[in-house]
file start34.txt (compact mmCIF, C-alpha atoms and all ligand atoms)
# COMPACT_ATOMS: atom_id res chain seq x y z
CA MET A 11 210.57 -11.36 230.48
CA PRO A 12 210.74 -7.57 230.07
CA ARG A 13 210.13 -5.37 233.10
CA ILE A 14 208.50 -1.98 233.52
CA LYS A 15 211.07 0.75 232.95
CA ASP A 16 208.95 3.90 232.88
CA VAL A 17 205.37 5.10 233.38
CA ARG A 18 204.48 8.27 231.48
CA THR A 19 201.27 10.27 231.80
CA THR A 20 200.21 12.89 229.26
CA ILE A 21 197.06 15.01 229.19
CA TYR A 22 195.65 15.56 225.73
CA GLU A 23 193.57 18.71 225.93
CA TRP A 24 191.37 19.57 222.96
CA ILE A 25 191.73 23.30 222.23
CA GLY A 26 190.23 23.16 218.73
CA PRO A 27 186.72 24.16 217.70
CA VAL A 28 183.83 22.72 219.71
CA ALA A 29 180.32 22.13 218.34
CA PRO A 30 177.60 24.00 220.25
CA MET A 31 175.10 21.88 222.16
CA PRO A 32 171.41 22.61 222.73
CA PRO A 33 170.74 23.94 226.28
CA HIS A 34 168.87 20.82 227.47
CA PHE A 35 170.94 18.17 225.69
CA CYS A 36 171.04 15.87 228.72
CA THR A 37 170.10 15.98 232.40
CA THR A 38 172.88 15.56 235.01
CA ALA A 39 173.23 14.90 238.72
CA SER A 40 173.98 18.62 239.22
CA ASP A 41 170.52 19.66 238.05
CA LEU A 42 168.96 18.89 241.40
CA VAL A 43 171.23 21.28 243.30
CA ALA A 44 171.82 23.99 240.68
CA ASP A 45 169.55 27.00 241.07
CA VAL A 46 169.04 27.29 237.34
CA THR A 47 167.96 24.63 234.89
CA GLY A 48 170.33 23.48 232.18
CA SER A 49 173.38 22.87 234.39
CA ILE A 50 174.50 20.46 231.68
CA SER A 51 175.52 23.44 229.54
CA GLY A 52 178.80 23.55 231.45
CA PHE A 53 179.36 19.80 231.33
CA ARG A 54 182.22 18.92 229.02
CA PHE A 55 185.34 16.83 229.35
CA LEU A 56 187.73 17.84 226.60
CA GLY A 57 190.91 16.52 228.23
CA TRP A 58 191.95 12.87 228.26
CA LEU A 59 194.79 11.22 230.11
CA ILE A 60 197.10 8.87 228.23
CA VAL A 61 199.27 6.41 230.18
CA GLU A 62 202.26 4.83 228.46
CA ILE A 63 204.04 1.99 230.23
CA GLU A 64 207.46 1.40 228.70
CA LEU A 65 209.17 -1.97 229.18
CA ASP A 66 212.92 -2.43 229.07
CA ASP A 67 212.65 -4.22 225.71
CA GLY A 68 211.05 -1.12 224.17
CA THR A 69 207.44 -2.39 224.28
CA ILE A 70 204.95 0.36 225.11
CA GLY A 71 201.54 -0.41 226.63
CA ILE A 72 198.91 2.31 226.26
CA GLY A 73 196.04 3.04 228.66
CA ASN A 74 193.70 5.99 228.99
CA ALA A 75 191.14 7.68 231.22
CA ALA A 76 188.67 10.49 230.57
CA LEU A 77 186.66 12.90 232.76
CA SER A 78 189.29 13.91 235.36
CA PRO A 79 192.69 13.87 233.65
CA HIS A 80 194.56 16.31 235.94
CA ALA A 81 193.67 14.63 239.24
CA THR A 82 194.14 11.18 237.70
CA LYS A 83 197.58 12.13 236.39
CA THR A 84 198.65 13.33 239.84
CA THR A 85 197.40 10.11 241.45
CA ILE A 86 199.35 7.94 239.00
CA ASP A 87 202.54 10.04 239.15
CA THR A 88 202.49 10.24 242.97
CA TYR A 89 201.11 6.93 244.23
CA LEU A 90 201.08 4.32 241.46
CA LYS A 91 204.22 4.84 239.42
CA PRO A 92 206.58 3.94 242.33
CA LEU A 93 204.80 0.56 242.67
CA LEU A 94 205.30 -0.28 239.01
CA ILE A 95 208.91 0.50 238.14
CA GLY A 96 210.92 -2.72 237.85
CA ALA A 97 207.82 -4.95 238.04
CA ASP A 98 206.91 -7.77 235.64
CA PRO A 99 203.83 -6.65 233.63
CA LEU A 100 202.62 -10.26 233.46
CA ASP A 101 202.02 -10.08 237.22
CA SER A 102 198.97 -7.92 236.50
CA GLU A 103 196.82 -9.23 239.35
CA TYR A 104 199.56 -8.56 241.93
CA LEU A 105 200.07 -5.07 240.47
CA TRP A 106 196.34 -4.31 240.51
CA GLN A 107 196.05 -5.44 244.14
CA SER A 108 199.14 -3.40 245.08
CA MET A 109 197.65 -0.26 243.54
CA TYR A 110 194.22 -0.93 245.05
CA ARG A 111 195.56 -1.51 248.56
CA ARG A 112 198.01 1.41 248.37
CA THR A 113 195.15 3.83 247.63
CA LEU A 114 192.43 2.10 249.70
CA PRO A 115 192.15 4.65 252.57
CA PHE A 116 191.38 7.50 250.14
CA GLY A 117 190.55 5.52 247.01
CA ARG A 118 188.23 2.54 246.41
CA LYS A 119 186.16 4.40 243.83
CA GLY A 120 186.33 7.65 241.86
CA ILE A 121 189.71 9.18 240.97
CA ALA A 122 191.89 6.46 242.51
CA MET A 123 190.03 3.71 240.65
CA THR A 124 190.15 5.76 237.45
CA ALA A 125 193.92 6.00 237.85
CA ILE A 126 194.27 2.26 238.54
CA SER A 127 192.06 1.52 235.55
CA ALA A 128 194.19 3.62 233.18
CA VAL A 129 197.39 1.91 234.40
CA ASP A 130 195.75 -1.53 234.27
CA LEU A 131 194.76 -0.96 230.63
CA ALA A 132 198.36 -0.05 229.79
CA ILE A 133 199.62 -3.18 231.60
CA TRP A 134 197.18 -5.41 229.69
CA ASP A 135 198.09 -3.75 226.39
CA ALA A 136 201.76 -4.46 227.18
CA LYS A 137 200.94 -8.06 228.13
CA GLY A 138 199.19 -8.56 224.81
CA LYS A 139 202.14 -7.13 222.93
CA ILE A 140 204.67 -9.30 224.82
CA LEU A 141 202.59 -12.43 224.21
CA ASN A 142 201.65 -11.33 220.68
CA GLN A 143 197.93 -11.76 221.35
CA PRO A 144 194.94 -9.40 221.41
CA VAL A 145 193.82 -8.70 224.97
CA PHE A 146 190.45 -10.40 224.50
CA LYS A 147 192.26 -13.67 223.71
CA LEU A 148 193.94 -13.43 227.13
CA ILE A 149 190.72 -12.88 229.09
CA GLY A 150 188.41 -15.51 227.66
CA GLY A 151 188.78 -15.35 223.88
CA ARG A 152 186.16 -14.91 221.20
CA THR A 153 182.60 -15.54 222.41
CA LYS A 154 180.84 -14.00 219.40
CA SER A 155 181.64 -13.69 215.70
CA LYS A 156 181.26 -9.92 215.97
CA ILE A 157 179.95 -7.44 218.53
CA PRO A 158 176.51 -5.90 218.12
CA VAL A 159 176.67 -2.21 219.04
CA TYR A 160 174.02 0.39 219.75
CA ALA A 161 174.24 3.93 218.40
CA SER A 162 174.68 6.23 221.38
CA ARG A 163 174.12 9.95 220.93
CA LEU A 164 170.68 11.40 220.17
CA TYR A 165 171.13 14.21 222.67
CA SER A 166 167.93 16.05 223.53
CA GLN A 167 167.31 18.48 220.64
CA PRO A 168 164.50 19.78 218.42
CA LEU A 169 162.24 16.90 217.43
CA ASP A 170 162.78 17.21 213.68
CA THR A 171 166.56 16.81 213.90
CA LEU A 172 166.17 14.07 216.52
CA TYR A 173 163.98 12.18 214.06
CA THR A 174 166.54 12.59 211.27
CA GLU A 175 169.47 11.47 213.43
CA ALA A 176 167.60 8.43 214.78
CA LYS A 177 166.49 7.35 211.33
CA ALA A 178 170.05 7.68 210.01
CA TYR A 179 171.29 5.13 212.57
CA VAL A 180 168.69 2.62 211.42
CA ASP A 181 169.72 3.24 207.81
CA GLN A 182 173.32 2.51 208.86
CA GLY A 183 172.22 -0.88 210.18
CA PHE A 184 172.03 -0.32 213.94
CA LYS A 185 169.42 -2.46 215.67
CA SER A 186 169.33 -0.31 218.82
CA VAL A 187 169.79 3.36 219.67
CA LYS A 188 170.10 5.40 222.85
CA LEU A 189 168.83 8.92 223.42
CA ARG A 190 169.18 11.38 226.32
CA PHE A 191 166.46 12.91 228.46
CA GLY A 192 166.62 16.70 228.50
CA TRP A 193 164.40 17.54 231.47
CA GLY A 194 164.23 16.72 235.15
CA PRO A 195 162.32 17.51 238.36
CA LYS A 196 162.75 21.29 238.04
CA ASP A 197 160.95 21.32 234.73
CA GLY A 198 157.74 19.87 236.11
CA LEU A 199 155.03 18.15 234.15
CA GLU A 200 155.81 20.19 231.04
CA GLY A 201 159.36 18.80 231.05
CA MET A 202 157.99 15.29 231.54
CA ARG A 203 155.91 15.68 228.40
CA LYS A 204 158.98 16.94 226.52
CA ASN A 205 160.90 13.85 227.64
CA VAL A 206 158.05 11.66 226.44
CA ASP A 207 158.09 13.52 223.10
CA LEU A 208 161.79 12.66 222.67
CA VAL A 209 161.08 8.95 223.13
CA ARG A 210 157.90 9.04 221.04
CA VAL A 211 159.63 10.73 218.09
CA THR A 212 162.58 8.35 218.33
CA ARG A 213 160.16 5.41 218.27
CA GLU A 214 158.42 6.92 215.23
CA ALA A 215 161.78 7.37 213.48
CA VAL A 216 163.15 3.86 214.12
CA GLY A 217 159.93 1.86 213.78
CA GLU A 218 158.73 -1.07 215.89
CA ASN A 219 161.68 -3.44 215.48
CA ILE A 220 164.56 -1.35 216.86
CA ASP A 221 165.46 -1.23 220.55
CA ILE A 222 165.32 2.17 222.23
CA MET A 223 167.16 3.09 225.41
CA ALA A 224 167.34 6.48 227.13
CA ASP A 225 169.78 7.98 229.64
CA ALA A 226 168.93 10.42 232.46
CA TYR A 227 172.57 10.55 233.63
CA MET A 228 171.56 10.66 237.32
CA GLY A 229 169.48 13.79 236.71
CA TRP A 230 166.21 12.64 238.35
CA ASN A 231 164.99 11.69 241.80
CA VAL A 232 162.89 8.64 242.72
CA GLU A 233 159.55 10.42 242.82
CA TYR A 234 160.10 12.01 239.41
CA ALA A 235 161.45 8.76 237.95
CA LYS A 236 158.35 6.86 239.09
CA ARG A 237 156.10 9.26 237.23
CA MET A 238 158.33 9.25 234.14
CA LEU A 239 158.51 5.45 233.95
CA LYS A 240 154.73 5.25 234.03
CA MET A 241 154.53 7.70 231.12
CA LEU A 242 157.18 5.77 229.17
CA THR A 243 155.61 2.33 229.34
CA PRO A 244 153.85 2.54 225.92
CA PHE A 245 157.16 2.79 224.01
CA ASP A 246 158.54 -0.70 224.74
CA MET A 247 161.95 0.62 225.78
CA ARG A 248 164.82 -1.77 226.46
CA TRP A 249 166.00 0.27 229.43
CA VAL A 250 166.04 3.66 231.18
CA GLU A 251 169.58 4.44 232.32
CA GLU A 252 170.73 6.01 235.60
CA PRO A 253 167.43 7.63 236.61
CA VAL A 254 168.90 8.50 240.06
CA ILE A 255 172.41 8.99 241.44
CA SER A 256 174.52 5.85 241.61
CA ASP A 257 174.68 5.73 245.43
CA ASP A 258 170.89 5.61 245.77
CA LEU A 259 170.65 1.81 245.75
CA HIS A 260 167.31 1.83 247.57
CA GLY A 261 165.99 4.13 244.85
CA TYR A 262 167.14 1.71 242.15
CA ALA A 263 165.50 -1.18 243.99
CA GLU A 264 162.26 0.75 244.31
CA LEU A 265 162.18 1.68 240.62
CA ARG A 266 163.04 -1.84 239.55
CA ALA A 267 160.28 -3.27 241.72
CA LEU A 268 157.73 -1.20 239.79
CA ASN A 269 158.46 -3.44 236.80
CA LEU A 270 157.39 -0.75 234.33
CA VAL A 271 160.60 -0.29 232.30
CA ASN A 272 163.95 -2.05 232.78
CA ILE A 273 166.35 0.08 234.80
CA SER A 274 170.07 0.17 234.11
CA GLY A 275 172.72 1.72 236.31
CA GLY A 276 176.27 1.19 237.33
CA GLU A 277 178.02 3.50 234.88
CA HIS A 278 179.43 5.13 238.00
CA GLU A 279 179.96 1.88 239.93
CA TYR A 280 183.46 0.46 240.26
CA THR A 281 185.43 -2.80 240.75
CA LEU A 282 184.50 -6.44 240.56
CA ALA A 283 182.74 -6.16 243.91
CA GLY A 284 180.37 -3.58 242.46
CA PHE A 285 179.48 -5.62 239.39
CA ARG A 286 179.33 -9.17 240.68
CA ASP A 287 176.50 -11.26 239.22
CA VAL A 288 175.02 -8.63 236.90
CA LEU A 289 174.76 -8.36 233.13
CA VAL A 290 177.28 -5.73 232.03
CA ILE A 291 177.13 -3.55 228.94
CA PRO A 292 180.32 -1.47 229.14
CA HIS A 293 179.98 2.30 228.92
CA ALA A 294 180.91 3.81 225.57
CA GLY A 295 182.81 2.31 222.71
CA GLN A 296 186.55 2.62 223.11
CA MET A 297 188.67 -0.36 222.27
CA HIS A 298 189.27 -1.75 225.76
CA ASN A 299 185.52 -2.09 226.33
CA TYR A 300 185.12 -4.04 223.09
CA HIS A 301 187.76 -6.51 224.32
CA ILE A 302 185.59 -7.12 227.40
CA THR A 303 182.41 -7.56 225.37
CA MET A 304 184.13 -9.86 222.90
CA SER A 305 185.49 -12.15 225.59
CA SER A 306 182.53 -12.30 227.99
CA TYR A 307 179.14 -13.99 227.85
CA ALA A 308 178.00 -11.52 230.51
CA ALA A 309 178.38 -8.64 228.04
CA PRO A 310 176.03 -9.13 225.08
CA ILE A 311 176.31 -5.77 223.33
CA SER A 312 178.45 -2.61 223.34
CA GLU A 313 177.71 1.09 223.30
CA TYR A 314 178.96 2.93 220.20
CA PHE A 315 179.66 6.65 220.06
CA PRO A 316 179.80 7.69 216.40
CA LYS A 317 182.61 9.97 215.26
CA VAL A 318 181.25 13.53 215.16
CA PRO A 319 182.85 17.01 215.42
CA VAL A 320 184.11 17.50 219.00
CA GLU A 321 181.20 18.41 221.29
CA VAL A 322 180.96 16.90 224.80
CA GLY A 323 184.08 14.74 224.89
CA ASN A 324 182.55 11.29 224.37
CA GLU A 325 183.84 11.42 220.81
CA LEU A 326 187.40 12.52 221.63
CA PHE A 327 188.95 9.05 221.43
CA TRP A 328 188.41 9.13 217.67
CA TYR A 329 190.79 12.11 217.54
CA ILE A 330 193.44 10.66 219.88
CA PHE A 331 193.79 7.05 218.69
CA ASP A 332 194.13 5.10 215.48
CA GLY A 333 192.67 1.59 215.47
CA GLU A 334 189.23 2.24 217.03
CA PRO A 335 186.84 -0.01 215.06
CA VAL A 336 184.15 1.63 212.93
CA ALA A 337 180.70 0.05 213.11
CA GLU A 338 179.48 -1.66 209.97
CA ASN A 339 175.83 -2.60 209.68
CA GLY A 340 175.40 -2.32 213.46
CA PHE A 341 178.43 -4.43 214.46
CA VAL A 342 182.10 -3.97 215.22
CA ASP A 343 184.72 -6.67 214.92
CA LEU A 344 188.15 -7.11 216.48
CA ASP A 345 191.27 -8.26 214.68
CA ASP A 346 192.53 -11.64 215.95
CA SER A 347 196.04 -10.85 214.73
CA LYS A 348 196.53 -7.47 216.45
CA PRO A 349 198.39 -7.81 219.78
CA GLY A 350 197.29 -5.84 222.84
CA PHE A 351 194.29 -3.57 222.39
CA GLY A 352 195.33 -2.72 218.83
CA LEU A 353 195.40 1.03 219.41
CA THR A 354 198.13 3.51 218.51
CA LEU A 355 198.37 7.19 219.38
CA LYS A 356 197.88 9.60 216.52
CA THR A 357 200.37 12.43 216.19
CA PRO A 358 198.43 15.21 217.94
CA ASP A 359 197.66 18.14 215.65
CA GLU A 360 197.35 21.83 216.55
CA HIS A 361 193.95 21.17 218.17
CA PHE A 362 195.59 19.52 221.17
CA ARG A 363 197.63 21.01 223.98
CA LEU A 364 199.77 18.38 225.72
CA THR A 365 200.74 18.45 229.41
CA ARG A 366 203.40 16.01 230.54
MG MG A 401 175.19 6.53 230.55
call {"tool": "encode", "arguments": {"input": "start34.txt", "output": "structure tokens", "more": "lines below"}}
Ligand SMILES: [Mg+2]
result
Amino acid sequence: MPRIKDVRTTIYEWIGPVAPMPPHFCTTASDLVADVTGSISGFRFLGWLIVEIELDDGTIGIGNAALSPHATKTTIDTYLKPLLIGADPLDSEYLWQSMYRRTLPFGRKGIAMTAISAVDLAIWDAKGKILNQPVFKLIGGRTKSKIPVYASRLYSQPLDTLYTEAKAYVDQGFKSVKLRFGWGPKDGLEGMRKNVDLVRVTREAVGENIDIMADAYMGWNVEYAKRMLKMLTPFDMRWVEEPVISDDLHGYAELRALNLVNISGGEHEYTLAGFRDVLVIPHAGQMHNYHITMSSYAAPISEYFPKVPVEVGNELFWYIFDGEPVAENGFVDLDDSKPGFGLTLKTPDEHFRLTR
């Protein structure tokens, strides 16, 4: 069996044009400590890290990580790469445990886990290519004929354009959509009413038979979330996402106990230990997440970021990879005959600056 010969990390930094975002397009965890509202205006992640694991038979496994590419690259180059050279990629559990335990004192979550995740994806892609099978066939196989996906964008914006965007997703066949709350505790009752308007207009646009979710991206506190959930009960939402920061487990328990609107969280939780025994809907589209949804009964649906001009960064994978499935009539499907994750790197154009 081929062995790992090289581990290469490359940052793809988008330096092309960027679409402007409205000032309150989504709340964030920084809002509660920033002394001005709209701290989201500086929130963008336009660099992605690509990991290529080359085997001595020429096979290349590809993994990736967003959000913190520079620190993740350093972690892989410094701590993980030495554990991988010469190893058998089929020993993926041993390699994962080696990386996890090597970084445990300073790792466990955050950057170290992001780095392990990017390498692990590349290892699984290589495994699929060696065994000539798609990754989902190696981790449980096909559990659904195709994957239902929800349209995920609908950033907070003027109500007329919000209405148009939401309606367009229904016309494209999506059965569920997710919007973003634009206002948090600093914006008081007036902001609460604006948040309610976003949900109300989305409900008006999609009608009664489409699921609506909304994301606060950790931008609220418990007291504010309690009041918001009460105001949101008339709209029959499927869930409200990350109302408080991910470490506030007592806050999540308190909000859930209200039983007003389903609460989702965990986008910033990590490892099997963090997710044991819960229903999981993987964050974002991106091919590796679809392989999880396809192969698991615990993952009923996937998030889908439509391809749009570059704005926040959520859409950047469309510009870096070929092979990402396009939703048709509210579903994506995976190819049973494509080994690995089925992604290839595009040749980067002049809009990317590469750091190796
Ligand atoms: Mg989210």
call {"tool": "residues_near_ligand", "arguments": {"input": "start34.txt", "ligand": "ligand MG 401 (chain A)", "cutoff": "9 Å", "atoms": "all atoms listed in the file", "output": "list of chain:residue names"}}
result
A:Arg190, A:Ala224, A:Asp225, A:Ala226, A:Tyr227, A:Met228, A:Glu251, A:Glu252, A:Ser274, A:Gly275, A:Gly276, A:Glu277, A:His278, A:His293, A:Ala294
call {"tool": "residues_around", "arguments": {"input": "start34.txt", "residues": "Asn219 in chain A", "least_positions_apart": "6", "cutoff": "12 Å", "atoms": "all atoms listed in the file", "output": "PyMOL selection string"}}
result
chain A and resi 180+184-187+213+245-248
call {"tool": "residues_around", "arguments": {"input": "start34.txt", "residues": "range 160-163 of chain A", "least_positions_apart": "3", "cutoff": "6 Å", "atoms": "all atoms listed in the file", "output": "PyMOL selection string"}}
result
chain A and resi 186-189+313-315
call {"tool": "closest_residue", "arguments": {"input": "start34.txt", "among": "A:Ala81, A:Val290, A:Val342, A:Ile63", "to": "Gly183 in chain A", "atoms": "all atoms listed in the file"}}
result
A:Val342
call {"tool": "closest_residue", "arguments": {"input": "start34.txt", "among": "A:Leu344, A:Val318, A:Ile95, A:Leu282", "to": "Val17 in chain A", "atoms": "all atoms listed in the file"}}
result
A:Ile95
call {"tool": "build_atoms", "arguments": {"input": "start34.txt", "residues": "range 320-355 of chain A", "atoms": "N, CA and C atoms", "output": "compact mmCIF listing (two decimals), in the frame of the given file"}}
result
# COMPACT_ATOMS: atom_id res chain seq x y z
N VAL A 320 183.97 17.51 217.54
CA VAL A 320 184.11 17.50 219.00
C VAL A 320 183.00 18.33 219.65
N GLU A 321 182.29 17.71 220.61
CA GLU A 321 181.20 18.41 221.29
C GLU A 321 181.34 18.22 222.80
N VAL A 322 180.92 17.09 223.35
CA VAL A 322 180.96 16.90 224.80
C VAL A 322 182.30 16.33 225.27
N GLY A 323 182.86 15.43 224.49
CA GLY A 323 184.08 14.74 224.89
C GLY A 323 183.98 13.24 224.65
N ASN A 324 182.74 12.72 224.61
CA ASN A 324 182.55 11.29 224.37
C ASN A 324 183.19 10.83 223.06
N GLU A 325 183.35 11.76 222.13
CA GLU A 325 183.84 11.42 220.81
C GLU A 325 185.35 11.61 220.66
N LEU A 326 186.01 12.08 221.74
CA LEU A 326 187.40 12.52 221.63
C LEU A 326 188.37 11.38 221.30
N PHE A 327 188.01 10.15 221.70
CA PHE A 327 188.95 9.05 221.43
C PHE A 327 189.18 8.86 219.94
N TRP A 328 188.21 9.22 219.12
CA TRP A 328 188.41 9.13 217.67
C TRP A 328 189.55 10.03 217.21
N TYR A 329 189.78 11.12 217.94
CA TYR A 329 190.79 12.11 217.54
C TYR A 329 192.15 11.82 218.16
N ILE A 330 192.18 10.94 219.18
CA ILE A 330 193.44 10.66 219.88
C ILE A 330 194.09 9.37 219.38
N PHE A 331 193.26 8.38 219.03
CA PHE A 331 193.79 7.05 218.69
C PHE A 331 193.52 6.68 217.23
N ASP A 332 194.41 5.87 216.69
CA ASP A 332 194.13 5.10 215.48
C ASP A 332 193.84 3.67 215.91
N GLY A 333 192.93 3.00 215.19
CA GLY A 333 192.67 1.59 215.47
C GLY A 333 191.30 1.33 216.07
N GLU A 334 190.58 2.40 216.48
CA GLU A 334 189.23 2.24 217.03
C GLU A 334 188.33 1.69 215.92
N PRO A 335 187.62 0.57 216.15
CA PRO A 335 186.84 -0.01 215.06
C PRO A 335 185.59 0.80 214.71
N VAL A 336 185.33 0.92 213.42
CA VAL A 336 184.15 1.63 212.93
C VAL A 336 183.02 0.62 212.74
N ALA A 337 181.82 0.97 213.22
CA ALA A 337 180.70 0.05 213.11
C ALA A 337 180.29 -0.12 211.65
N GLU A 338 180.02 -1.39 211.29
CA GLU A 338 179.48 -1.66 209.97
C GLU A 338 178.21 -2.47 210.14
N ASN A 339 177.12 -1.91 209.62
CA ASN A 339 175.83 -2.60 209.68
C ASN A 339 175.44 -2.97 211.12
N GLY A 340 175.81 -2.10 212.08
CA GLY A 340 175.40 -2.32 213.46
C GLY A 340 176.31 -3.25 214.27
N PHE A 341 177.48 -3.56 213.74
CA PHE A 341 178.43 -4.43 214.46
C PHE A 341 179.83 -3.84 214.40
N VAL A 342 180.66 -4.18 215.38
CA VAL A 342 182.10 -3.97 215.22
C VAL A 342 182.79 -5.32 215.39
N ASP A 343 183.95 -5.44 214.79
CA ASP A 343 184.72 -6.67 214.92
C ASP A 343 186.12 -6.31 215.42
N LEU A 344 186.78 -7.29 216.02
CA LEU A 344 188.15 -7.11 216.48
C LEU A 344 189.07 -8.01 215.67
N ASP A 345 190.30 -7.55 215.51
CA ASP A 345 191.27 -8.26 214.68
C ASP A 345 192.01 -9.30 215.54
N ASP A 346 191.88 -10.57 215.17
CA ASP A 346 192.53 -11.64 215.95
C ASP A 346 194.05 -11.56 215.88
N SER A 347 194.58 -10.84 214.91
CA SER A 347 196.04 -10.85 214.73
C SER A 347 196.71 -9.61 215.31
N LYS A 348 195.92 -8.69 215.90
CA LYS A 348 196.53 -7.47 216.45
C LYS A 348 196.82 -7.66 217.93
N PRO A 349 198.09 -7.62 218.36
CA PRO A 349 198.39 -7.81 219.78
C PRO A 349 197.93 -6.63 220.64
N GLY A 350 197.71 -6.90 221.92
CA GLY A 350 197.29 -5.84 222.84
C GLY A 350 195.89 -5.39 222.51
N PHE A 351 195.61 -4.10 222.73
CA PHE A 351 194.29 -3.57 222.39
C PHE A 351 194.20 -3.15 220.93
N GLY A 352 195.35 -3.09 220.25
CA GLY A 352 195.33 -2.72 218.83
C GLY A 352 195.17 -1.24 218.58
N LEU A 353 195.50 -0.42 219.58
CA LEU A 353 195.40 1.03 219.41
C LEU A 353 196.79 1.64 219.30
N THR A 354 196.90 2.70 218.50
CA THR A 354 198.13 3.51 218.51
C THR A 354 197.72 4.96 218.68
N LEU A 355 198.65 5.75 219.20
CA LEU A 355 198.37 7.19 219.38
C LEU A 355 198.60 7.90 218.05
